[in-house]
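Pasted below: target_27.txt, compact mmCIF, C-alpha atoms.
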# COMPACT_ATOMS: atom_id res chain seq x y z
CA MET A 1 22.14 -175.64 -17.71
CA GLN A 2 19.42 -178.03 -18.80
CA LYS A 3 16.68 -178.54 -16.24
CA VAL A 4 16.41 -182.02 -14.75
CA LEU A 5 12.90 -183.41 -14.59
CA LYS A 6 11.98 -186.28 -12.28
CA PHE A 7 9.14 -188.61 -13.14
CA ASN A 8 7.22 -191.42 -11.50
CA PHE A 9 8.24 -194.26 -13.76
CA GLY A 10 5.85 -197.15 -14.27
CA VAL A 11 6.63 -200.55 -15.78
CA LEU A 12 5.29 -201.39 -19.21
CA GLN A 13 3.58 -204.75 -19.64
CA ARG A 14 5.86 -206.75 -21.93
CA PRO A 15 6.35 -210.51 -22.39
CA LYS A 16 9.05 -212.24 -20.37
CA LEU A 17 12.42 -212.82 -22.03
CA HIS A 18 13.19 -216.54 -22.23
CA ILE A 19 16.92 -217.36 -22.39
CA PHE A 20 18.62 -220.70 -23.05
CA ASP A 21 22.30 -220.50 -22.07
CA LYS A 22 23.25 -224.18 -21.74
CA GLY A 23 24.55 -224.56 -25.28
CA GLY A 24 27.32 -222.86 -27.24
CA LYS A 25 27.66 -220.34 -30.02
CA HIS A 26 25.62 -222.46 -32.40
CA THR A 27 22.72 -223.14 -30.04
CA PRO A 28 20.02 -220.41 -30.22
CA SER A 29 19.75 -218.58 -26.90
CA GLY A 30 16.50 -216.79 -27.67
CA ILE A 31 18.22 -213.38 -27.65
CA ARG A 32 18.44 -211.14 -30.68
CA ALA A 33 20.27 -208.06 -29.44
CA THR A 34 21.03 -204.69 -30.98
CA ILE A 35 24.15 -203.23 -29.33
CA HIS A 36 24.73 -199.53 -29.88
CA GLY A 37 28.32 -198.50 -29.17
CA GLY A 38 29.76 -201.93 -29.91
CA THR A 39 33.04 -200.40 -31.15
CA SER A 40 33.72 -198.99 -27.66
CA PHE A 41 36.20 -200.60 -25.29
CA SER A 42 33.47 -202.61 -23.53
CA GLY A 43 31.50 -203.48 -26.67
CA ILE A 44 33.36 -206.66 -27.52
CA TYR A 45 32.90 -207.97 -23.95
CA MET A 46 29.15 -207.27 -23.88
CA GLY A 47 28.74 -208.78 -27.33
CA GLY A 48 31.00 -211.69 -26.48
CA ILE A 49 29.08 -212.86 -23.43
CA LEU A 50 25.81 -212.81 -25.41
CA GLY A 51 27.37 -214.40 -28.49
CA ASN A 52 28.92 -217.24 -26.50
CA ILE A 53 25.46 -218.55 -25.61
CA GLY A 54 24.24 -218.41 -29.21
CA SER A 55 22.64 -214.97 -29.42
CA GLU A 56 22.15 -213.10 -32.67
CA LEU A 57 23.86 -209.71 -32.53
CA ILE A 58 23.45 -206.48 -34.48
CA PHE A 59 26.13 -203.79 -34.20
CA PRO A 60 25.21 -200.40 -35.69
CA HIS A 61 28.29 -198.17 -36.06
CA ASN A 62 29.39 -195.07 -37.94
CA HIS A 63 32.89 -196.19 -38.87
CA GLN A 64 33.46 -195.96 -42.60
CA TYR A 65 34.77 -199.49 -43.13
CA ASN A 66 33.94 -202.87 -41.59
CA TYR A 67 37.60 -203.91 -41.71
CA GLU A 68 38.72 -201.30 -39.15
CA ASP A 69 40.15 -202.91 -36.02
CA HIS A 70 37.39 -201.75 -33.66
CA VAL A 71 34.77 -203.10 -36.06
CA ARG A 72 36.11 -206.37 -37.42
CA GLU A 73 36.85 -207.79 -33.96
CA LEU A 74 33.09 -207.75 -33.33
CA LYS A 75 32.75 -210.58 -35.87
CA THR A 76 34.41 -212.88 -33.30
CA THR A 77 31.73 -212.32 -30.68
CA SER A 78 29.35 -214.97 -32.08
CA GLY A 79 29.21 -217.81 -34.58
CA PRO A 80 29.23 -217.36 -38.37
CA GLY A 81 26.03 -215.83 -39.67
CA GLN A 82 24.89 -214.77 -36.21
CA ASN A 83 25.99 -211.13 -36.20
CA TRP A 84 25.60 -208.17 -38.49
CA LEU A 85 27.72 -205.01 -38.73
CA LEU A 86 25.62 -202.05 -39.85
CA HIS A 87 27.93 -199.25 -40.97
CA ASP A 88 27.07 -195.60 -41.77
CA MET A 89 24.76 -195.41 -38.76
CA ASN A 90 23.13 -191.98 -38.44
CA TYR A 91 21.61 -191.23 -35.02
CA ASP A 92 19.93 -188.10 -36.41
CA ASN A 93 17.70 -190.43 -38.42
CA LYS A 94 15.02 -191.81 -36.08
CA GLU A 95 13.76 -194.24 -38.71
CA MET A 96 17.22 -195.77 -38.99
CA ILE A 97 17.38 -196.22 -35.21
CA GLU A 98 14.02 -198.01 -35.30
CA TRP A 99 15.17 -200.17 -38.22
CA THR A 100 18.26 -201.42 -36.33
CA MET A 101 16.04 -203.01 -33.68
CA LYS A 102 13.14 -204.04 -35.91
CA ASN A 103 13.47 -207.76 -35.05
CA SER A 104 15.34 -207.47 -31.73
CA ASN A 105 14.08 -208.33 -28.26
CA VAL A 106 17.09 -206.87 -26.41
CA VAL A 107 18.73 -203.46 -26.89
CA VAL A 108 21.98 -202.35 -25.22
CA ASN A 109 23.28 -198.77 -25.28
CA LEU A 110 27.03 -198.38 -24.69
CA LEU A 111 27.37 -195.05 -26.50
CA GLY A 112 29.45 -192.37 -24.83
CA PRO A 113 31.32 -189.19 -25.72
CA ARG A 114 34.48 -189.29 -27.76
CA LYS A 115 37.44 -187.80 -25.95
CA HIS A 116 37.70 -184.81 -28.27
CA LEU A 117 34.41 -183.29 -27.06
CA LYS A 118 34.77 -179.93 -25.30
CA ASN A 119 31.42 -178.15 -25.31
CA ARG A 120 28.15 -178.93 -23.58
CA LYS A 121 26.15 -179.20 -26.80
CA ASP A 122 28.17 -182.22 -27.97
CA PHE A 123 27.90 -183.94 -24.59
CA GLU A 124 24.14 -183.39 -24.53
CA TRP A 125 23.78 -184.90 -27.98
CA ILE A 126 25.53 -188.20 -27.21
CA ASN A 127 24.49 -188.56 -23.54
CA ILE A 128 20.92 -187.23 -23.70
CA THR A 129 19.52 -186.88 -27.22
CA VAL A 130 20.73 -190.19 -28.67
CA PRO A 131 19.80 -192.38 -25.65
CA LYS A 132 16.37 -190.73 -25.59
CA ARG A 133 15.86 -191.57 -29.28
CA ILE A 134 16.93 -195.19 -28.69
CA ALA A 135 14.57 -195.47 -25.71
CA GLU A 136 11.69 -194.01 -27.74
CA ALA A 137 12.38 -196.53 -30.51
CA CYS A 138 12.30 -199.34 -27.91
CA ALA A 139 8.96 -198.10 -26.58
CA LYS A 140 7.57 -197.96 -30.11
CA ASN A 141 8.68 -201.54 -30.87
CA SER A 142 6.51 -204.02 -28.96
CA GLY A 143 9.06 -206.78 -29.61
CA VAL A 144 11.76 -205.12 -27.49
CA ILE A 145 11.48 -206.70 -24.05
CA ARG A 146 14.67 -205.46 -22.37
CA PHE A 147 16.76 -202.31 -22.71
CA ILE A 148 20.08 -201.99 -20.86
CA HIS A 149 21.40 -198.41 -20.73
CA PHE A 150 24.97 -197.78 -19.56
CA SER A 151 25.58 -194.56 -17.65
CA ALA A 152 28.47 -193.93 -15.24
CA CYS A 153 29.19 -194.12 -11.53
CA GLY A 154 29.21 -190.56 -10.21
CA ALA A 155 26.54 -189.30 -12.63
CA ASN A 156 25.18 -186.18 -10.98
CA PRO A 157 23.49 -183.01 -12.26
CA HIS A 158 25.86 -180.95 -10.11
CA ALA A 159 29.10 -182.71 -11.12
CA GLU A 160 31.93 -180.58 -12.47
CA SER A 161 32.35 -182.93 -15.44
CA LEU A 162 30.00 -182.25 -18.35
CA ASP A 163 30.01 -185.97 -19.07
CA LEU A 164 28.68 -186.88 -15.61
CA GLN A 165 26.14 -184.04 -15.66
CA THR A 166 24.64 -185.02 -18.99
CA LYS A 167 24.74 -188.75 -18.24
CA TYR A 168 22.46 -188.16 -15.25
CA ILE A 169 19.98 -186.19 -17.36
CA GLY A 170 20.19 -188.90 -20.02
CA GLU A 171 19.15 -191.53 -17.46
CA GLN A 172 15.99 -189.57 -16.65
CA GLU A 173 15.12 -189.15 -20.32
CA VAL A 174 15.62 -192.87 -20.96
CA LEU A 175 13.35 -193.90 -18.09
CA ASN A 176 10.75 -191.35 -19.09
CA ALA A 177 10.62 -192.78 -22.64
CA PHE A 178 10.99 -196.46 -21.69
CA PRO A 179 10.26 -197.19 -18.00
CA ASN A 180 11.35 -200.84 -18.40
CA ALA A 181 14.96 -199.79 -18.99
CA THR A 182 17.65 -201.11 -16.65
CA ILE A 183 20.32 -198.51 -15.88
CA PHE A 184 23.91 -199.58 -15.22
CA ARG A 185 26.31 -197.15 -13.56
CA PRO A 186 29.73 -198.83 -13.70
CA SER A 187 32.74 -197.34 -11.95
CA VAL A 188 36.01 -197.28 -13.91
CA MET A 189 36.21 -200.52 -15.87
CA VAL A 190 39.49 -202.42 -16.19
CA GLY A 191 40.32 -204.58 -19.20
CA ASP A 192 42.37 -204.73 -22.38
CA ASN A 193 42.64 -201.25 -23.96
CA ASP A 194 40.60 -199.66 -21.18
CA ASP A 195 40.52 -195.99 -20.19
CA PHE A 196 42.14 -196.56 -16.80
CA ALA A 197 45.09 -198.94 -16.61
CA TYR A 198 45.87 -198.65 -20.33
CA HIS A 199 45.49 -194.88 -20.01
CA TRP A 200 48.22 -194.93 -17.35
CA GLN A 201 50.49 -196.99 -19.60
CA VAL A 202 50.15 -194.72 -22.65
CA GLN A 203 50.62 -191.52 -20.66
CA LYS A 204 53.94 -192.81 -19.40
CA ARG A 205 54.98 -193.71 -22.90
CA TYR A 206 54.30 -190.21 -24.24
CA PHE A 207 55.35 -188.12 -21.23
CA HIS A 208 58.81 -189.60 -20.63
CA ASN A 209 57.69 -192.08 -17.96
CA PHE A 210 55.57 -189.54 -16.08
CA ASN A 211 51.84 -189.38 -15.41
CA ILE A 212 50.25 -185.92 -15.54
CA VAL A 213 48.10 -185.31 -12.44
CA PRO A 214 46.26 -182.09 -11.42
CA ASP A 215 45.99 -182.84 -7.67
CA ASN A 216 47.26 -185.05 -4.84
CA CYS A 217 45.48 -188.17 -6.24
CA GLN A 218 43.32 -188.72 -3.17
CA ALA A 219 40.07 -189.10 -5.11
CA LYS A 220 38.52 -192.55 -4.69
CA ARG A 221 37.93 -195.18 -7.35
CA GLN A 222 36.24 -198.59 -7.20
CA PRO A 223 37.62 -200.35 -10.29
CA ILE A 224 35.69 -203.28 -11.72
CA PHE A 225 36.78 -205.90 -14.24
CA VAL A 226 34.89 -205.42 -17.50
CA GLN A 227 34.05 -209.13 -17.78
CA ASP A 228 32.26 -208.90 -14.42
CA VAL A 229 30.16 -206.06 -15.85
CA ALA A 230 29.35 -208.22 -18.87
CA GLN A 231 28.27 -211.09 -16.59
CA ALA A 232 26.12 -208.65 -14.60
CA MET A 233 24.42 -207.58 -17.82
CA LEU A 234 23.62 -211.18 -18.79
CA ASN A 235 22.31 -211.93 -15.30
CA ALA A 236 20.10 -208.84 -15.41
CA LEU A 237 18.51 -210.09 -18.64
CA LYS A 238 17.64 -213.34 -16.85
CA MET A 239 16.14 -211.57 -13.82
CA PRO A 240 12.75 -209.87 -14.48
CA GLU A 241 13.04 -208.05 -11.14
CA THR A 242 15.81 -205.87 -12.61
CA ILE A 243 13.36 -204.17 -14.98
CA GLY A 244 13.19 -200.43 -14.29
CA GLN A 245 16.01 -200.60 -11.73
CA THR A 246 19.34 -198.76 -11.48
CA TYR A 247 22.53 -200.57 -10.44
CA GLU A 248 25.86 -199.07 -9.43
CA LEU A 249 28.63 -201.49 -10.38
CA GLY A 250 31.95 -201.40 -8.58
CA GLY A 251 34.67 -203.81 -7.54
CA PRO A 252 35.07 -205.24 -4.03
CA HIS A 253 37.57 -202.58 -2.87
CA VAL A 254 37.86 -198.80 -2.88
CA TYR A 255 41.26 -197.20 -3.57
CA THR A 256 42.63 -193.71 -3.92
CA LEU A 257 44.09 -192.87 -7.30
CA LEU A 258 47.54 -192.78 -5.70
CA GLU A 259 47.08 -196.34 -4.45
CA CYS A 260 46.03 -197.41 -7.95
CA TYR A 261 49.14 -195.84 -9.47
CA GLU A 262 51.33 -197.54 -6.87
CA MET A 263 49.65 -200.86 -7.61
CA PHE A 264 50.32 -200.49 -11.34
CA HIS A 265 53.98 -199.72 -10.69
CA ASN A 266 54.38 -202.56 -8.22
CA ILE A 267 53.36 -205.03 -10.93
CA VAL A 268 56.05 -203.78 -13.32
CA GLN A 269 58.49 -203.22 -10.41
CA ARG A 270 59.14 -199.54 -11.05
CA PRO A 271 58.65 -196.52 -8.74
CA PRO A 272 55.79 -194.09 -9.50
CA LYS A 273 56.59 -190.86 -11.33
CA LEU A 274 53.83 -188.29 -11.06
CA ALA A 275 54.08 -184.83 -12.61
CA HIS A 276 51.92 -182.54 -10.43
CA ILE A 277 50.71 -179.55 -12.47
CA ASP A 278 48.19 -176.94 -11.35
CA LYS A 279 44.65 -177.89 -12.38
CA GLN A 280 43.75 -174.44 -13.75
CA LEU A 281 46.91 -174.37 -15.84
CA LEU A 282 46.11 -177.80 -17.27
CA LEU A 283 42.57 -176.69 -18.12
CA LYS A 284 43.90 -173.63 -19.96
CA ILE A 285 46.33 -175.81 -21.91
CA ALA A 286 43.58 -178.31 -22.76
CA GLN A 287 41.33 -175.51 -24.03
CA TYR A 288 43.85 -174.47 -26.69
CA ILE A 289 45.03 -177.85 -27.93
CA PRO A 290 43.08 -180.68 -29.58
CA ASN A 291 41.54 -182.99 -26.98
CA TRP A 292 43.53 -186.19 -26.91
CA LYS A 293 42.26 -189.50 -25.56
CA TYR A 294 45.03 -189.59 -22.95
CA PHE A 295 44.95 -185.89 -22.02
CA ASN A 296 41.69 -183.96 -22.24
CA ILE A 297 39.42 -181.61 -20.33
CA ASP A 298 37.12 -184.33 -19.04
CA TYR A 299 40.09 -186.32 -17.69
CA ILE A 300 41.25 -183.26 -15.74
CA LEU A 301 37.79 -182.48 -14.33
CA LYS A 302 37.03 -186.07 -13.31
CA HIS A 303 40.44 -186.64 -11.71
CA GLY A 304 39.43 -185.07 -8.41
CA ASP A 305 35.93 -186.62 -8.19
CA ASP A 306 35.13 -189.78 -6.26
CA MET A 307 33.67 -192.50 -8.47
CA VAL A 308 32.46 -195.13 -6.03
CA VAL A 309 29.22 -197.01 -5.38
CA GLN A 310 26.85 -194.97 -3.22
CA VAL A 311 25.61 -196.41 0.06
CA GLY A 312 22.08 -197.78 -0.22
CA SER A 313 22.12 -198.28 -3.98
CA LYS A 314 21.58 -201.59 -5.75
CA THR A 315 24.95 -203.14 -6.58
CA ILE A 316 26.57 -205.95 -8.53
CA ASP A 317 25.89 -208.24 -5.54
CA ASP A 318 22.18 -207.94 -6.32
CA LEU A 319 22.98 -209.32 -9.79
CA CYS A 320 24.61 -212.46 -8.33
CA VAL A 321 28.14 -211.60 -9.45
CA ARG A 322 31.20 -211.76 -7.21
CA PRO A 323 33.64 -209.33 -8.90
CA LEU A 324 37.40 -209.76 -9.09
CA SER A 325 39.60 -207.43 -7.08
CA LEU A 326 41.77 -204.93 -8.94
CA THR A 327 44.93 -206.99 -8.36
CA GLN A 328 43.27 -210.08 -9.84
CA ALA A 329 41.95 -208.10 -12.82
CA LEU A 330 45.36 -206.56 -13.52
CA GLN A 331 46.91 -210.01 -13.82
CA ASN A 332 44.60 -210.58 -16.77
CA ILE A 333 45.66 -207.45 -18.62
CA PHE A 334 49.22 -206.64 -17.51
CA TRP A 335 50.84 -209.88 -18.60
CA ASP A 336 51.75 -208.38 -21.97
CA ILE A 337 53.26 -205.27 -20.33
CA GLN A 338 55.36 -207.44 -18.04
CA ALA A 339 56.47 -209.60 -20.96
CA ARG A 340 57.45 -206.64 -23.14
CA TYR A 341 58.84 -204.18 -20.63
CA GLY A 342 59.41 -206.07 -17.40
CA GLY A 343 63.13 -206.44 -17.91
CA SER A 344 63.91 -203.37 -19.97
CA SER A 345 63.97 -199.59 -19.66
CA GLU A 346 62.15 -199.07 -22.96
CA LEU A 347 59.04 -197.83 -21.18
CA TYR A 348 60.16 -197.29 -17.59
CA GLU A 349 63.26 -195.84 -15.96
CA ARG A 350 64.47 -196.29 -12.44

The structure given in the file should be rewritten as structure tokens.
Amino acid sequence: MQKVLKFNFGVLQRPKLHIFDKGGKHTPSGIRATIHGGTSFSGIYMGGILGNIGSELIFPHNHQYNYEDHVRELKTTSGPGQNWLLHDMNYDNKEMIEWTMKNSNVVVNLLGPRKHLKNRKDFEWINITVPKRIAEACAKNSGVIRFIHFSACGANPHAESLDLQTKYIGEQEVLNAFPNATIFRPSVMVGDNDDFAYHWQVQKRYFHNFNIVPDNCQAKRQPIFVQDVAQAMLNALKMPETIGQTYELGGPHVYTLLECYEMFHNIVQRPPKLAHIDKQLLLKIAQYIPNWKYFNIDYILKHGDDMVVQVGSKTIDDLCVRPLSLTQALQNIFWDIQARYGGSSELYER
């Protein structure tokens, strides 16, 4: 296991970021941001909130074509001529990383592991090596004033999940390379095509209306609406006191996973159907089949861990955001499910 080093992080002397957010998409905000991981679920929200105030956006990605769905939707985040899609991104090339932020004053890292990852080496590469390289490029570029690095709530060097272990180490490497970085640790984020509510929906579709669970679903979650996270990011850029700080972002309420499942089913007016299967058996199955986004080793390992904001940590309240509750957030994303399946047994059965 990789050794975790703790450092005394100082703050680099950099100019203050001046933001004008009173105009629209065609009024320059003063932000020129490079967003790594823009093709992720949250990328369009983070890009959208910056683009709506007239920021110039750069999205490096390694998808082959710019007309793929996860790529082309990024063109809607800002006005014409205000964003650039850089394909064939290679994070093994340090010079290319530096080039993507050559004229930027803000850098955002949303990169995370793909669901097919199984071994520690792959997790270390995307959660430690790549963020460290981005942070080093930020430190080398005197024009980069702010760096927002997204980790995860529950990041811990002793966590069972390789993702949470390596994310914690990645935070330390980022702060060591660029002490001015602001670390965000969001809990499970809820939004269109997310990895929580949408995950539940797709599992039911493929497993004959059942959700596969390895335990009694008593682990705690503090879901947060992804647009609240995006607003927190924009507020952090406006607040110099957030430089070098770590924030744990969660919604206003804590639920067990069972309560979340019941809430999802209440909205579509169907009873929960949970298929309880032994955790060790599921892990053995997952080892011998291709990792799938909706059933994978990391999903099984994280299922029993609490992912809530720790007492005493800086929270979304410190970023002047009042987050929506889970029930309010679900109304924004479940309307299409209710419209399509609310009155039919196509997806659900009594």

Checklist line | Residues within 9 Å of (28.8, -196.6, -11.3), file coords, all atoms listed in the file, listed as a PyMOL selection string | finding: chain A and resi 151-155+184-188+222+247-250+307-310+315

Kindly export the residues of the current selection with C-alpha atoms, as a PDB file, in the frame of the given file.
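Wrote it out as result.pdb, contents follow:
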ATOM      1  CA  SER A 151      25.580-194.560 -17.650  1.00  0.00           C
ATOM      2  CA  ALA A 152      28.470-193.930 -15.240  1.00  0.00           C
ATOM      3  CA  CYS A 153      29.190-194.120 -11.530  1.00  0.00           C
ATOM      4  CA  GLY A 154      29.210-190.560 -10.210  1.00  0.00           C
ATOM      5  CA  ALA A 155      26.540-189.300 -12.630  1.00  0.00           C
ATOM      6  CA  PHE A 184      23.910-199.580 -15.220  1.00  0.00           C
ATOM      7  CA  ARG A 185      26.310-197.150 -13.560  1.00  0.00           C
ATOM      8  CA  PRO A 186      29.730-198.830 -13.700  1.00  0.00           C
ATOM      9  CA  SER A 187      32.740-197.340 -11.950  1.00  0.00           C
ATOM     10  CA  VAL A 188      36.010-197.280 -13.910  1.00  0.00           C
ATOM     11  CA  GLN A 222      36.240-198.590  -7.200  1.00  0.00           C
ATOM     12  CA  TYR A 247      22.530-200.570 -10.440  1.00  0.00           C
ATOM     13  CA  GLU A 248      25.860-199.070  -9.430  1.00  0.00           C
ATOM     14  CA  LEU A 249      28.630-201.490 -10.380  1.00  0.00           C
ATOM     15  CA  GLY A 250      31.950-201.400  -8.580  1.00  0.00           C
ATOM     16  CA  MET A 307      33.670-192.500  -8.470  1.00  0.00           C
ATOM     17  CA  VAL A 308      32.460-195.130  -6.030  1.00  0.00           C
ATOM     18  CA  VAL A 309      29.220-197.010  -5.380  1.00  0.00           C
ATOM     19  CA  GLN A 310      26.850-194.970  -3.220  1.00  0.00           C
ATOM     20  CA  THR A 315      24.950-203.140  -6.580  1.00  0.00           C
TER      21      THR A 315
END

Margin query: Set the distance at 8 Å and use only C-alpha atoms: which residues neighbour Val226 in chain A once local chain neighbours fewer than 4 positions away are removed? I'd like the list as a PyMOL selection string.
Written below: chain A and resi 42+45+189-191+230

Would you mind exporting the chosen residues as a short mmCIF file (atom, residue, chain, number, x, y, z; two decimals), in the coordinates of the input, restricted to C-alpha atoms?
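As written to disk, part_24.cif reads:
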data_model
loop_
_atom_site.label_atom_id
_atom_site.label_comp_id
_atom_site.auth_asym_id
_atom_site.auth_seq_id
_atom_site.Cartn_x
_atom_site.Cartn_y
_atom_site.Cartn_z
CA SER A 42 33.47 -202.61 -23.53
CA TYR A 45 32.90 -207.97 -23.95
CA MET A 189 36.21 -200.52 -15.87
CA VAL A 190 39.49 -202.42 -16.19
CA GLY A 191 40.32 -204.58 -19.20
CA ALA A 230 29.35 -208.22 -18.87
#

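CA of Gln201 in chain A lies 10.0 Å from CA of Phe334 in chain A.
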
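For the residues A:Ala177, A:Ile58, A:Ala275, A:Leu74, ranking by smallest atom-to-atom distance to Met89 in chain A using only C-alpha atoms places A:Ile58 first.
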
Margin query: Nearest residue to Met46 in chain A out of A:Phe150, A:Phe123, A:Trp84, A:Phe196, using all atoms listed in the file?
Written below: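 Answer, going by the shortest atom-to-atom distance: A:Phe150.
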
Checklist line | One-decimal distance in Å that lies between CA of Val213 in chain A and CA of Ile297 in chain A | finding: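 Distance between the two atoms: 12.3 Å.
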